[in-house]
Amino acid sequence: MMPIISKLYCSSSQTVLVVRRRPHVVNGGGFVVTDCSTQRVVFRVDGCGIHGIKGELILRDGDGEALLLMRRKGGMVEALSIYKKWKGYSLDYEGLHNLVFSLKEPNSRLVRNNAIRISIEPRTISNKGWDFEIRGYFPDRNCSIVDTRGNVVAQVGVNKEVEKLMESKDFYHVVVKPGMDQAFVFGVIATLDYIYGESTYC
């Protein structure tokens, strides 16, 4: 088990979840995540069209309770840096924010080939300086979240039958490996969605 947000979101078996994007014109964008086997809504992501603040996203559970706030760090520091930095905060019942992960995206075409890297907070001693990285290209619905040992912990893909039927990338699936925190995975996916100007962006 690898609870990053909570062990409630770590399954002992591999889980296939389906993402359905909400159009910007309906409810301000974002997406809904359902369990493939039960058809139950597991997570919902509110983009900045709903939240009303650029560079902020909220991951909610199936009942609508806020779990994670993802916020892009801005200002002069970001403008001068070769990376844009996102921070993911868990939200407790009192509304307090606790930093749980940070994500670095290249801020320049000069570092385009560099992977997007994620660090779990508070930092543990790691000789690499990061805990996970994104391999592949999210807009193609063909990417993975990989740990420092090269193990795939979550895989984003598109079911070919669904793709032919829908002729759209509004539906895709995410396979989460046993023991991996699904809330963390979808916090990262929500951030990627925003970075690439998709359903959560405004």
# chains A, B, ... in the order shown; residues from 1 in each chain; ligands from 1

$ residues_around --residues "A:Ile120" --least-positions-apart "4" --cutoff "8 Å" --atoms "only C-alpha atoms" --output "PyMOL selection string"
chain A and resi 4+100-102+124+130-131

$ residues_around --residues "A:Ser11" --least-positions-apart "2" --cutoff "9 Å" --atoms "only C-alpha atoms" --output "VMD selection string"
chain A and resid 1 7 to 9 13 to 15 176 to 182

$ closest_atom_pairs --of "stretch 120-151 of chain A" --to "stretch 186-197 of chain A" --cutoff "12 Å" --atoms "only C-alpha atoms" --output "Markdown table"
| residue | atom | partner | partner_atom | distance |
| --- | --- | --- | --- | --- |
| A:Ile120 | CA | A:Val188 | CA | 11.5 |
| A:Phe132 | CA | A:Val188 | CA | 10.3 |
| A:Glu133 | CA | A:Val188 | CA | 10.2 |
| A:Ile134 | CA | A:Val188 | CA | 9.4 |
| A:Arg135 | CA | A:Leu192 | CA | 11.9 |
| A:Gly136 | CA | A:Leu192 | CA | 11.8 |
| A:Tyr137 | CA | A:Leu192 | CA | 9.8 |
| A:Phe138 | CA | A:Leu192 | CA | 7.0 |
| A:Pro139 | CA | A:Tyr196 | CA | 7.0 |
| A:Asp140 | CA | A:Tyr196 | CA | 10.8 |
| A:Arg141 | CA | A:Asp193 | CA | 10.6 |
| A:Cys143 | CA | A:Ile189 | CA | 10.2 |
| A:Ser144 | CA | A:Ile189 | CA | 10.1 |
| A:Ile145 | CA | A:Val188 | CA | 8.8 |
| A:Val146 | CA | A:Val188 | CA | 12.0 |

$ closest_residue --among "A:Ile118, A:Phe171, A:Val16, A:Thr200" --to "A:Ile50" --atoms "only C-alpha atoms"
A:Thr200

$ closest_residue --among "A:Arg21, A:Arg117, A:Thr34, A:Ser90" --to "A:Ile58" --atoms "only C-alpha atoms"
A:Ser90

$ closest_residue --among "A:Gly88, A:Pro3, A:Gly49, A:Gly157" --to "A:Arg22" --atoms "only C-alpha atoms"
A:Gly49

$ residues_around --residues "A:His173" --least-positions-apart "2" --cutoff "8 Å" --atoms "only C-alpha atoms" --output "NGL selection string"
:A and (16-19 or 156-159 or 171 or 175)

$ closest_residue --among "A:Leu68, A:Ile116, A:Val33, A:Leu99" --to "A:Lys84" --atoms "only C-alpha atoms"
A:Ile116

$ residues_around --residues "A:Leu69" --least-positions-apart "2" --cutoff "9 Å" --atoms "only C-alpha atoms" --output "PDB file with N, CA, C and O atoms, in the first residue's frame"
ATOM      1  N   GLU A  56      -6.083  26.973 -10.422  1.00  0.00           N
ATOM      2  CA  GLU A  56      -6.504  26.169  -9.274  1.00  0.00           C
ATOM      3  C   GLU A  56      -7.517  25.121  -9.702  1.00  0.00           C
ATOM      4  O   GLU A  56      -8.400  25.393 -10.521  1.00  0.00           O
ATOM      5  N   LEU A  57      -7.373  23.939  -9.141  1.00  0.00           N
ATOM      6  CA  LEU A  57      -8.270  22.813  -9.419  1.00  0.00           C
ATOM      7  C   LEU A  57      -8.621  22.144  -8.099  1.00  0.00           C
ATOM      8  O   LEU A  57      -7.813  22.166  -7.165  1.00  0.00           O
ATOM      9  N   ILE A  58      -9.794  21.516  -8.056  1.00  0.00           N
ATOM     10  CA  ILE A  58     -10.176  20.768  -6.853  1.00  0.00           C
ATOM     11  C   ILE A  58     -10.573  19.349  -7.248  1.00  0.00           C
ATOM     12  O   ILE A  58     -11.383  19.157  -8.158  1.00  0.00           O
ATOM     13  N   LEU A  59      -9.996  18.361  -6.552  1.00  0.00           N
ATOM     14  CA  LEU A  59     -10.397  16.956  -6.684  1.00  0.00           C
ATOM     15  C   LEU A  59     -11.361  16.657  -5.546  1.00  0.00           C
ATOM     16  O   LEU A  59     -11.041  16.910  -4.378  1.00  0.00           O
ATOM     17  N   ALA A  66     -14.310  17.833  -0.872  1.00  0.00           N
ATOM     18  CA  ALA A  66     -13.006  18.216  -1.411  1.00  0.00           C
ATOM     19  C   ALA A  66     -11.890  17.398  -0.765  1.00  0.00           C
ATOM     20  O   ALA A  66     -11.827  17.283   0.458  1.00  0.00           O
ATOM     21  N   LEU A  67     -11.025  16.804  -1.612  1.00  0.00           N
ATOM     22  CA  LEU A  67      -9.897  16.004  -1.133  1.00  0.00           C
ATOM     23  C   LEU A  67      -8.565  16.709  -1.355  1.00  0.00           C
ATOM     24  O   LEU A  67      -7.685  16.658  -0.509  1.00  0.00           O
ATOM     25  N   ARG A  71      -2.677  23.851  -7.025  1.00  0.00           N
ATOM     26  CA  ARG A  71      -2.507  25.287  -7.258  1.00  0.00           C
ATOM     27  C   ARG A  71      -1.173  25.527  -7.954  1.00  0.00           C
ATOM     28  O   ARG A  71      -0.156  24.991  -7.534  1.00  0.00           O
ATOM     29  N   LYS A  87       1.517  22.765  -6.824  1.00  0.00           N
ATOM     30  CA  LYS A  87       1.522  22.142  -5.504  1.00  0.00           C
ATOM     31  C   LYS A  87       0.141  21.539  -5.248  1.00  0.00           C
ATOM     32  O   LYS A  87      -0.877  22.148  -5.584  1.00  0.00           O
ATOM     33  N   GLY A  88       0.134  20.322  -4.683  1.00  0.00           N
ATOM     34  CA  GLY A  88      -1.106  19.635  -4.337  1.00  0.00           C
ATOM     35  C   GLY A  88      -1.265  19.595  -2.831  1.00  0.00           C
ATOM     36  O   GLY A  88      -0.362  19.139  -2.111  1.00  0.00           O
ATOM     37  N   TYR A  89      -2.398  20.111  -2.347  1.00  0.00           N
ATOM     38  CA  TYR A  89      -2.665  20.168  -0.909  1.00  0.00           C
ATOM     39  C   TYR A  89      -3.849  19.285  -0.560  1.00  0.00           C
ATOM     40  O   TYR A  89      -4.897  19.371  -1.210  1.00  0.00           O
ATOM     41  N   SER A  90      -3.703  18.465   0.477  1.00  0.00           N
ATOM     42  CA  SER A  90      -4.865  17.732   0.980  1.00  0.00           C
ATOM     43  C   SER A  90      -5.687  18.711   1.814  1.00  0.00           C
ATOM     44  O   SER A  90      -5.139  19.640   2.421  1.00  0.00           O
ATOM     45  N   LEU A  91      -6.992  18.508   1.812  1.00  0.00           N
ATOM     46  CA  LEU A  91      -7.900  19.390   2.550  1.00  0.00           C
ATOM     47  C   LEU A  91      -8.541  18.590   3.666  1.00  0.00           C
ATOM     48  O   LEU A  91      -9.151  17.552   3.407  1.00  0.00           O
ATOM     49  N   HIS A  97      -4.974  23.267   4.777  1.00  0.00           N
ATOM     50  CA  HIS A  97      -4.236  22.746   3.620  1.00  0.00           C
ATOM     51  C   HIS A  97      -2.924  22.138   4.088  1.00  0.00           C
ATOM     52  O   HIS A  97      -2.153  22.798   4.772  1.00  0.00           O
ATOM     53  N   GLY A 187      -5.184  13.522  -8.881  1.00  0.00           N
ATOM     54  CA  GLY A 187      -4.672  14.869  -8.662  1.00  0.00           C
ATOM     55  C   GLY A 187      -3.629  15.219  -9.714  1.00  0.00           C
ATOM     56  O   GLY A 187      -3.628  16.310 -10.286  1.00  0.00           O
TER      57      GLY A 187
END

$ closest_residue --among "A:Tyr172, A:Tyr201, A:Asp92, A:Gly52" --to "A:Cys36" --atoms "only C-alpha atoms"
A:Tyr172
